Structure formats: structure tokens, C-alpha cells
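Below is one structure, written out as C-alpha cells; the observations come after it.
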Amino acid sequence: MRVRLLLLAAMLVTVAIYWPGLTGPFVLDDDAAFGALHGWLAGQASWQEVVPGNASWLYARPVSMLSFMLSGWLGGDAPFSYKLGNLIVHLICGLLGWQVLRRALARDERLAPHAELIAGVLATLWLLHPLHASTVLYAVQRMAQLSTLFVLAAIWTYLQARRWIDDGRIRPALALLFVLCPLLMLAGLLSKQNGAVASALCLVLELAYFGRPRPKPVLAFFGLFLVLPLLGAAALLTLAPERLLDGYAEWDFSLGQRLLTQGRVLVDYLGTLLLPYAPRMGLYTDDFTTSTGLLSPPSTLFALLLLAALSVAAIALRKRAPSLFAGWFFFLVAHGVESSFLPIEMYYEHRNYLPSIGILLAVAGLGALAPRRAEPSHGPNRLMLVAVAGLAAVLAFATLGRALVWRHYDTIVMQALRFHPDSMRAHLDLSTLALLGGKYDESERLLSQLAKSPTPRNRLMANLNLITTQCLRNGKAERALLQRALADAQPQLTIFESQTLMQMAKIAGKGCGDVSLLDMAQTTEKLLEAAHAQPDNLRSKWVTRAIAAEFYARARHWQQAEAQAALAWRPGADFAVGEILVRLYVQNGKLTEAERIYAELKAQTRPYDGSGQKYLRELRKAIDDRRQRSAAQRTP
């Protein structure tokens with residue numbers, strides 16, 4: 001009863017400290033992820049357009065998108081409804097975490113007498129930890145939350161099945177192992193792809209808490225749901241590595257550099273979990289230094305040695321302190337997707353949402369190493385409880401501070417710049433907020449500051465954005481900014497350049513004084529030429545080509561526009577690229593080519609895609625009208 005009261009109090013405090021942040025805005029990827037969802041709520045899109053999101057079904061997260069649809073339907077399309085849903089999921093994850101921890105700790109001989117209380121304390125600390133604020137208050141990160149929820153549910157199911165096997169209840173255990181547990185793992189995977197770690201986490205707990213020999217149902221479970229998927233991933237990496245690794249062409253780091261850097265990333269995560277300093281936390285961690293060698297920076301080698309030493313120690317102490325072993329490897333394995341070989345950003349604190357449970361378990365596991373005479377004979381002593389209460393209060397206060405910061409986008413970014421002054425994304429976002437507020441001087445000041453960065457890409461982005469800022473201010477922009485931007489042209493185009501050029505295209509209209517539309521088109525093409533070695537099938541590449549085509553078309557240079565659009569149109573390209581190409585072919589009188597691209601667009605557009613069907617009708621009319629005009633001109 002005491003533990004349940006503790007959890008109830010922790011949940012009430014969690015709601016209270018997060019509540020101020022629920023009215024905060026959408027940030028970063030929210031609008032892009034919810035584009036089709038907004039259309040569905042407005043009656044302009046079908047549910048089939050929402051569920052797979054912006055990805056193919058292979059990379060879709062339909063369970064998460066369905067939950068967002070439910071939030072929008074119940075609470076409206078404001079950020080509050082989605083963030084409230086995130087808070088509810090956070091509370092459920094806390095309860096599931098408690099259930100998993102209490103079952104795990106009950107298998108630890110030294111900690112078993114107080115397993116329920118220790119699990120309750122750990123769940124309380126997890127609920128209140130400030131590192132999770134950006135997961136709860138960043139609406140789209142419900143994907144990470146739901147993945148965690150289903151992974152924890154799968155682990156709880158596995159532990160229950162394991163208990164029944166030990167008790168001789170084989171039939172119900174088989175139902176859990178081969179029906180319910182796989183369904184939960186699948187739901188986690190369809191919430192976010194890092195749910196793939198569920199079976200590996202079950203193996204960690206199996207090795208920590210259960211002895212040999214392993215029952216045959218357990219071996220079959222791991223053979224089906226761990227070994228086979230690993231063999232499949234290995235085969236994919238061997239036979240079609242581009243499916244997983246092509247994304248490196250869009251980043252400023254290689255596979256080897258990412259793997260080296262992740263050692264430092266994991267150590268930084270560990271430090272932040274154990275010694276949280278809320279003001280330093282945030283979304284803008286794109287300034288995290290890339291490791292280019294074991295001693296560049298020197299902390300790379302130190303981090304790898306530290307991780308190896310901790311792992312060896314956990315293995316050596318497995319029998320004496322099984323919870324230490326379980327918690328440490330839970331942390332490492334839970335990072336196994338997002339801190340491995342995949343070409344994604346180096347650092348995001350929401351990636352610790354699930355792994356942090358492992359660190360808390362490992363800390364509790366250290367208690368098994370204490371001398372037996374130091375153990376309280378009748379439960380935890382008063383001093384220990386006061387210390388835990390004090391720690392919970394500190395964490396709650398820190399999380400409340402983060403929730404208050406999250407009420408406004410500008411405070412999120414300004415806090416980030418205090419501790420991440422080299423963050424390109426923070427400079428750009430804060431300058432954009434200033435621009436939207438009509439604070440042109442402030443926007444230019446921030447961009448001019450970024451233009452002095454020692455990093456070439458930062459300077460490139462600053463100068464391109466300065467053109468947009470000056471154009472929006474008075475319809476004019478300095479021509480010298482184009483030359484400065486081209487001086488820092490990069491061998492890889494990223495989504496940041498394409499987004500900036502897209503914004504420029506929206507604002508430029510007919511040009512920006514001395515910077516004409518033709519200048520913008522030629523600059524965009526030169527940026528593409530600088531990245532000539534980059535594969536043309538990458539999103540950042542074909543999106544940038546489509547923007548170049550739009551600039552040329554506005555400047556009425558139809559042939560150049562057609563050439564860029566034709567290069568942009570390739571498998572995987574958006575409908576909008578094909579639409580541009582059809583219109584350019586129509587403009588240039590190439591109706592056979594226009595019909596061919598139209599047929600390709602029609603074949604890939606689903607019947608339920610309302611906006612796609614509308615654009616197809618418009619394209620059909622444009623082709624037919626041009627054919628009629630051409631026929632009329634040939635008639636004497």
C-alpha cells in the first residue's frame with residue numbers, strides 16, 4: 001500500500017510540474033509530421049493518408065499516427081491535446097516501468113526483500129527526471145514514448161511467462177511467449193523503429209536473473225524473435241547496404257566517425273542521467289563535436305575505455321549484483337538502434353527515454369555490493385528515505401523549470417543558445433522567430449553572428465538566410481551574399497540547405513532587388529554542382545534540384561527549369577516534383593513526355609489521396625488545353 005501511495009503521489013506531482021508546458025507550441029518536426037493529420041481533421045485528407053505518415057510502409061509508424069489521430073479527434077488540433085496525450089502515455093510508462101522493475105528486482109537475492117519499494121522509488125525518479133521533459137513536451141516524440149510503452153509491456157509479459165515456466169505452467173507461458181509478447185513487440189516497432197530492441201532486452205534480463213539450463217521454449221523464443229531478425233539485418237547489410245547506409249551521403253560524418261562519436265554520446269547521456277543539469281538540456285545539440293579519430297578529440301578514447309571498463313565490471317559482478325548487470329546492459333542495448341550504425345543525427349536526449357530505466361536499475365543494483373551488515377534489518381532507514389525524497393524534489397523542481405521554458409518557442413531556443421552557442425539550428429530558429437515578429441535587426445544580427453562561425457556550413461546557411469531576411473525586410477538583398485554563400489559550398493547537400501532555399505523561393509516572389517530570380521537559380525545550381533559526387537537519389541539532392549527548377553521557371557528560363565526538374569524526378573521523389581516536370585513539359589510543348597510523367601503520377605497516386613487526385617485533374621486539363629491550342633495553331 002505504501003508503494004502505491006508513493007506512485008500515486010509521484011504521478012500527481014508529475015502532472016502538476018508538466019502542466020505549464022502543455023500549452024507550449026509545436027516545435028521542429030511537429031508540423032512536418034502532422035501535415036496530413038491537420039488535413040484529416042479539417043476534412044481535407046483521408047485517414048489512409050495519415051496513418052503511414054510521410055514515409056513508406058517499411059519506415060512508417062502507424063500506431064503512433066493512430067494515437068495522434070485520436071488526440072486530435074478528442075481534443076482538437078491545438079498542441080495542448082497532443083502534449084496532454086504525451087503526458088498520459090508518460091504516466092502509463094511509469095507504471096509499466098514499475099511493474100518490470102519490481103519483477104526484475106524480485107529475482108535479485110539481495111534486493112528481493114525490498115523489491116517493490118525499490119521499484120516504486122526508481123519509477124518515481126524516472127517519472128520526475130528532467131531529461132524526459134523534451135520527450136513529453138515535444139509532441140511528435142510520442143513515437144518514442146509509445147515504442148517504450150510497448151517494449152516495457154513486452155518485457156513484463158516475458159517475465160511473467162518466464163515465471164510460469166519455472167512454476168511448471170507451460171501452456172499459458174507459451175501463449176504469452178509466442179502470441180502476446182510478439183504482438184506487443186510488433187506494436188512497439190510500428191510506433192517507432194527502435195522498438196526492435198525488445199527481444200534483446202528480454203535476453204539481458206534472462207542472462208541476469210535466470211540460470212541454466214535454458215528451457216526449450218525460451219531458446220525457441222530468442223531463436224525466432226532475436227536471432228532470425230539479426231540474421232535478416234545482417235543479410236540486408238551484406239546484400240543491399242545502401243538501403244541502410246546511403247543516408248551518410250547527406251551528413252558531414254562517415255560511418256566510422258559516427259561509431260566513434262557514439263561512445264562520447266553515451267558517456268554524455270550517462271552523465272546527464274546521473275547528474276542532471278536542466279538548463280543545459282534541450283533540443284539543439286547539433287553542435288556535438290564529431291570524433292574523427294581515437295584521439296580527436298582525446299575524450300573519444302577515454303569514453304570508449306570507460307564504456308568497456310563498465311561493461312567488463314558488470315559482467316564480472318553479474319552473480320553478486322545481477323541488477324547492476326541487467327541495468328547497465330539494458331542501457332546499452334536500448335541504445336542499440338539509435339546509437340549504432342544508422343545514418344541519423346548524433347545526439348538527441350529523447351533517445352534516453354527507455355534506456356534511462358536501465359541506469360536506474362543499475363544504480364539500485366549497486367546496493368547488492370554493500371556489506372550485509374550495512375543492510376537495514378527492517379526496511380530502508382529514515383535517512384535513506386529523506387535522501388530519496390530530497391532527490392525526487394530536486395528532479396521535480398528541475399523538470400518544472402524545463403516545463404516553464406517550454407511554454408514559448410523563443411525561450412526554448414534562447415536557453416539552448418546559452419549552453420550551445422555553436423548550434424546552427426538554434427541560431428537559424430531564433431532568427432526566424434525574430435523575423436516572424438518583425439524584428440529584422442535582431443534576425444540579421446543573429447545571422448551575421450552565425451556567418452562568422454569557423455564552420456563552413458554554418459556560414460553558408462547564415463548567408464543564404466540573410467538573403468531571405470533582407471528580401472522580406474525591404475524587397476532587396478545584397479548581391480555579395482550570394483558570393484559568400486558559394487564560397488562555402490559543401491560537397492554534401494543536406495535538408496537544411498533545401499529547407500532554406502525553399503523558404504527563399506516562397507519569399508522571393510519576383511526577386512530581391514539586385515538578387516534576381518535567375519541569380520537564385522544559378523546559385524542553387526552551383527551548390528548542386530559542388531555536391532556532384534553526392535548520389536542524386538538522396539532527398540536533399542532532388543529537393544534542391546526541384547527548387548532550382550522553380551527558380552528558373554519563375555525567371556522564365558524554361559529549358560533550364562525543365563533540365564533541373566527532369567534530374568529531380570526519380571524513384572522516391574515527391575508528387576510535387578513530377579507535377580512541376582509535367583507543367584514544364586507542357587510549357588515547352590513536349591506533350592509526349594508530359595503524358596509519360598502524368599501516367600507515372602497517376603499510377604502512384606492512391607484513389608483516397610484527395611489532394612493528389614485534384615492535382616491530377618489539373619494536370620490532365622493543362623495537357624489537354626495545350627494539345628487543343630497546338631491543334632488550333634496547325635489548322636489553316
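Residue names in the C-alpha cells use chain letters A, B, ... in the order shown, residue numbers from 1 in each chain, and ligand numbers from 1 in the order shown.
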Near Ile357 (chain A), within 8 Å and counting only C-alpha atoms, which residues show up once chain neighbours fewer than 2 positions away are dropped, as a PDB file with N, CA and C atoms, in the first residue's frame?
```pdb
ATOM      1  N   GLY A  97       7.002   0.627 -16.124  1.00  0.00           N
ATOM      2  CA  GLY A  97       8.383   0.542 -15.672  1.00  0.00           C
ATOM      3  C   GLY A  97       8.466  -0.003 -14.258  1.00  0.00           C
ATOM      4  N   TRP A 126      12.193   8.149 -12.246  1.00  0.00           N
ATOM      5  CA  TRP A 126      12.092   8.163 -13.708  1.00  0.00           C
ATOM      6  C   TRP A 126      10.993   9.121 -14.177  1.00  0.00           C
ATOM      7  N   GLY A 327      20.861  -3.715 -15.458  1.00  0.00           N
ATOM      8  CA  GLY A 327      20.625  -2.303 -15.726  1.00  0.00           C
ATOM      9  C   GLY A 327      21.615  -1.717 -16.710  1.00  0.00           C
ATOM     10  N   PHE A 330      20.969  -3.180 -20.126  1.00  0.00           N
ATOM     11  CA  PHE A 330      19.680  -2.639 -20.567  1.00  0.00           C
ATOM     12  C   PHE A 330      19.913  -1.274 -21.197  1.00  0.00           C
ATOM     13  N   PHE A 331      20.699  -0.435 -20.551  1.00  0.00           N
ATOM     14  CA  PHE A 331      21.020   0.898 -21.061  1.00  0.00           C
ATOM     15  C   PHE A 331      21.705   0.805 -22.427  1.00  0.00           C
ATOM     16  N   TYR A 353      14.787   7.854 -23.234  1.00  0.00           N
ATOM     17  CA  TYR A 353      13.512   7.624 -22.555  1.00  0.00           C
ATOM     18  C   TYR A 353      13.407   6.192 -22.041  1.00  0.00           C
ATOM     19  N   LEU A 354      13.719   5.212 -22.867  1.00  0.00           N
ATOM     20  CA  LEU A 354      13.725   3.811 -22.439  1.00  0.00           C
ATOM     21  C   LEU A 354      15.032   3.429 -21.737  1.00  0.00           C
ATOM     22  N   PRO A 355      16.205   3.758 -22.302  1.00  0.00           N
ATOM     23  CA  PRO A 355      17.467   3.331 -21.663  1.00  0.00           C
ATOM     24  C   PRO A 355      17.656   3.823 -20.231  1.00  0.00           C
ATOM     25  N   ILE A 359      19.634   2.497 -16.373  1.00  0.00           N
ATOM     26  CA  ILE A 359      20.602   3.161 -15.488  1.00  0.00           C
ATOM     27  C   ILE A 359      20.075   3.196 -14.061  1.00  0.00           C
ATOM     28  N   LEU A 360      18.794   3.468 -13.880  1.00  0.00           N
ATOM     29  CA  LEU A 360      18.216   3.467 -12.535  1.00  0.00           C
ATOM     30  C   LEU A 360      18.305   2.071 -11.917  1.00  0.00           C
ATOM     31  N   LEU A 361      18.043   1.052 -12.721  1.00  0.00           N
ATOM     32  CA  LEU A 361      18.148  -0.319 -12.215  1.00  0.00           C
ATOM     33  C   LEU A 361      19.591  -0.636 -11.837  1.00  0.00           C
TER      34      LEU A 361
END
```
Can you tell me which residues surround Ala553 (chain A) at a distance of at most 9 Å, considering only C-alpha atoms, apart from same-chain residues fewer than 6 positions away, and format the answer as a VMD selection string? chain A and resid 559 to 562 584
Quick one: of A:Ala233, A:Ala462, A:Leu149, A:Leu131, who's nearest to Thr500 (chain A), counting only C-alpha atoms?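 With only C-alpha atoms as the atom set, the closest residue is A:Ala462.
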Which residues in region 16-252 of chain A does DSSP call alpha helix (DSSP H)? List them as a PyMOL selection string. chain A and resi 16-18+30-33+35-41+47-50+62-75+79-105+115-128+133-136+142-166+170-175+181-189+198-209+216-222+228-239+242-245
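Of note, CA of Ala161 (chain A) and CA of Ala175 (chain A) are spaced 8.4 Å apart.
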Residues within 12 Å of Arg596 (chain A), only C-alpha atoms, excluding chain neighbours under 5 positions, as number ranges by chain: A: 578-579, 581-582, 585-586, 590-591, 601-603, 620, 623
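Every protein or nucleic acid residue with an atom no more than 10 Å from Asn194 (chain A), counting only C-alpha atoms and leaving out same-chain residues fewer than 5 positions away, appears here: Met143, Ala144, Ser147, Thr148, Val151, Gly188, Leu189, Ala334, His335, Gly336, Val337, Glu338, Arg351 and Leu354 of chain A.
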Report as a VMD selection string all protein, DNA and RNA residues lying within 12 Å of Val204 (chain A), evaluated on only C-alpha atoms, omitting residues in the same chain fewer than 2 positions from it. chain A and resid 104 155 158 to 159 197 to 202 206 to 210 222 226 314 to 315 318 322 to 334 358
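Shortest atom-to-atom contact with Leu87 (chain A) among A:Val265, A:Leu342, A:Ala133, A:Leu304: A:Ala133, counting only C-alpha atoms.
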